[in-house]
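Data block below; observations after.
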Amino acid sequence: QLFDVDNFKPLSEQVGPILYGSPEMWLHPDEEIFVTRYGDFARLWSTKSGKEICKPLLHPDWVSSCAFSPDGATLATACDDGLIRFWNISGGELEGQIINIQEDLVRNMIYSHDGQKLACHGFVTTVWDISTRKRIAGPFAHIEKSQQIDLTKNSRFMLTGGGKWVKQGTRASHILRIWDTVTNRPVSRIINLNTNLELSSFSPDGSNIITSSEDGNVRIYDVLNPIQGSPEEIEKWLEVNITMQLNEQNDPEFMTAKDWRERRQLLKFSPFDH
């Protein structure tokens with residue numbers, strides 16, 4: 001059920017019990033429609049009546065994420081079969097060519113502000129051109145999957161967040177990374193939250209990151225702390241720190257413990273020493 005955040009009054013009838021257990025929902029840009037996912041279905045609903053506006057959008061496997069285009073005309077859905085599909089909102093029909101995500105199972109997606117790009121996030125992150133359906137940035141290698149992703153207004157920089165369940169005392173350690181979508185390299189320090197990350201996003205001007213976390217705190221970070229050094233040095237430093245490297249097919253893969261130790265011993269460069 002949707003509520004007005006100003007007066008906490010319901011904006012729609014309660015939807016159920018067909019959606020019992022539905023883990024997520026996304027609101028349409030005009031706020032008159034929302035979409036939910038559960039199992040191999042995505043469903044479009046009216047915010048006023050609480051009723052479905054078209055037939056359920058059936059997928060061959062579990063639907064993992066959804067995203068409305070900024071103009072509100074299209075819904076993108078990610079499925080565990082490795083494909084991203086695009087649906088016409090007015091009729092609930094497939095439109096255009098699908099995107100085949102070969103590197104990963106997508107857990108979150110976000111359109112760029114101009115609607116021309118789609119960023120997809122899971123164990124690795126990729127950015128795709130909507131018109132050509134081709135990858136234009138990434139893969140950005142991660143040690144673990146994450147559901148946090150955001151783009152600056154000009155789509156140049158990307159925020160990813162999440163973490164491995166490595167205990168520090170009684171808390172999990174989640175991290176944030178900022179990437180340059182043109183060079184495919186990190187552009188700021190790794191931010192260690194030392195707690196379970198719930199939500200993260202750029203500020204409207206892209207100069208800050210805002211996070212909320214399991215410990216009940218909201219934090220604001222200054223992102224203007226660029227990494228310095230040659231691209232080759234930064235790439236080697238990044239591989240050692242995330243324990244992953246790109247193979248001959250340009251796909252991320254884990255380094256063996258032996259390779260990691262050898263690279264670490266040879267690495268004399270720290271981008272934060274400059």
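So you can find residues: chains in the structure tokens are A, B, ... in the order shown, residues in each start at 1, and ligands are numbered from 1 in order.
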Query raised in the report: Which polymer residues have any atom within 10 Å of an atom of Glu31 in chain A, counting only C-alpha atoms, with same-chain residues fewer than 6 positions away left out, as a PyMOL selection string?
Result: chain A and resi 2+46-48+72
Filtering to N, CA, C and O atoms, could you give me those residues as an mmCIF file, in the first residue's frame?
data_model
loop_
_atom_site.group_PDB
_atom_site.id
_atom_site.type_symbol
_atom_site.label_atom_id
_atom_site.label_comp_id
_atom_site.auth_asym_id
_atom_site.auth_seq_id
_atom_site.Cartn_x
_atom_site.Cartn_y
_atom_site.Cartn_z
ATOM 1 N N LEU A 2 0.478 2.291 -0.748
ATOM 2 C CA LEU A 2 1.227 3.533 -0.840
ATOM 3 C C LEU A 2 0.638 4.575 0.100
ATOM 4 O O LEU A 2 -0.586 4.668 0.266
ATOM 5 N N SER A 46 -2.053 0.264 -10.287
ATOM 6 C CA SER A 46 -2.482 1.653 -10.166
ATOM 7 C C SER A 46 -2.342 2.091 -8.709
ATOM 8 O O SER A 46 -2.772 1.366 -7.801
ATOM 9 N N THR A 47 -1.734 3.254 -8.484
ATOM 10 C CA THR A 47 -1.586 3.740 -7.114
ATOM 11 C C THR A 47 -2.922 4.184 -6.524
ATOM 12 O O THR A 47 -3.059 4.253 -5.299
ATOM 13 N N LYS A 48 -3.891 4.511 -7.367
ATOM 14 C CA LYS A 48 -5.179 4.996 -6.865
ATOM 15 C C LYS A 48 -6.133 3.853 -6.535
ATOM 16 O O LYS A 48 -6.749 3.829 -5.467
ATOM 17 N N GLY A 72 9.046 7.429 -18.246
ATOM 18 C CA GLY A 72 7.929 6.630 -17.783
ATOM 19 C C GLY A 72 7.312 5.714 -18.811
ATOM 20 O O GLY A 72 6.336 5.016 -18.522
#
Query - Backbone DSSP call of strand (DSSP E or B) for range 35-139 of chain A, listed as a PyMOL selection string - result: chain A and resi 35-38+41-46+52+57-58+63-68+74-79+83-88+93-94+99-100+108-111+117-121+124-129+135-139
Non-local contacts of Asn108 in chain A (9 Å; only C-alpha atoms; under 3 positions in same chain excluded) as a short mmCIF file (atom, residue, chain, number, x, y, z; two decimals) with C-alpha atoms, in the first residue's frame:
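Produced file out34.cif, reproduced below:
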data_model
loop_
_atom_site.label_atom_id
_atom_site.label_comp_id
_atom_site.auth_asym_id
_atom_site.auth_seq_id
_atom_site.Cartn_x
_atom_site.Cartn_y
_atom_site.Cartn_z
CA SER A 64 15.53 -9.85 -9.59
CA SER A 65 15.10 -6.11 -10.28
CA CYS A 66 13.02 -3.50 -12.11
CA ALA A 67 13.56 0.08 -13.29
CA ALA A 78 16.19 -8.22 -14.88
CA ALA A 119 23.59 0.57 -15.11
CA CYS A 120 23.31 -3.01 -13.87
CA HIS A 121 24.78 -4.28 -10.62
CA GLY A 122 25.49 -7.66 -9.07
CA SER A 146 25.56 -5.69 -3.87
CA GLN A 147 22.24 -4.03 -4.50
CA GLN A 148 23.40 -0.42 -4.15
CA ILE A 149 24.12 1.62 -7.27
#
Query raised in the report: Which value, in Å to one decimal, gives the distance between CA of Gly161 in chain A and CA of Leu199 in chain A?
Result: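 Here the two named atoms are 8.5 Å from each other.
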Query raised in the report: Hey, what's within 7 Å of Cys54 in chain A if we count only C-alpha atoms and toss same-chain stuff fewer than 5 positions away? As number ranges by chain, please?
Result: A: 44, 91-92
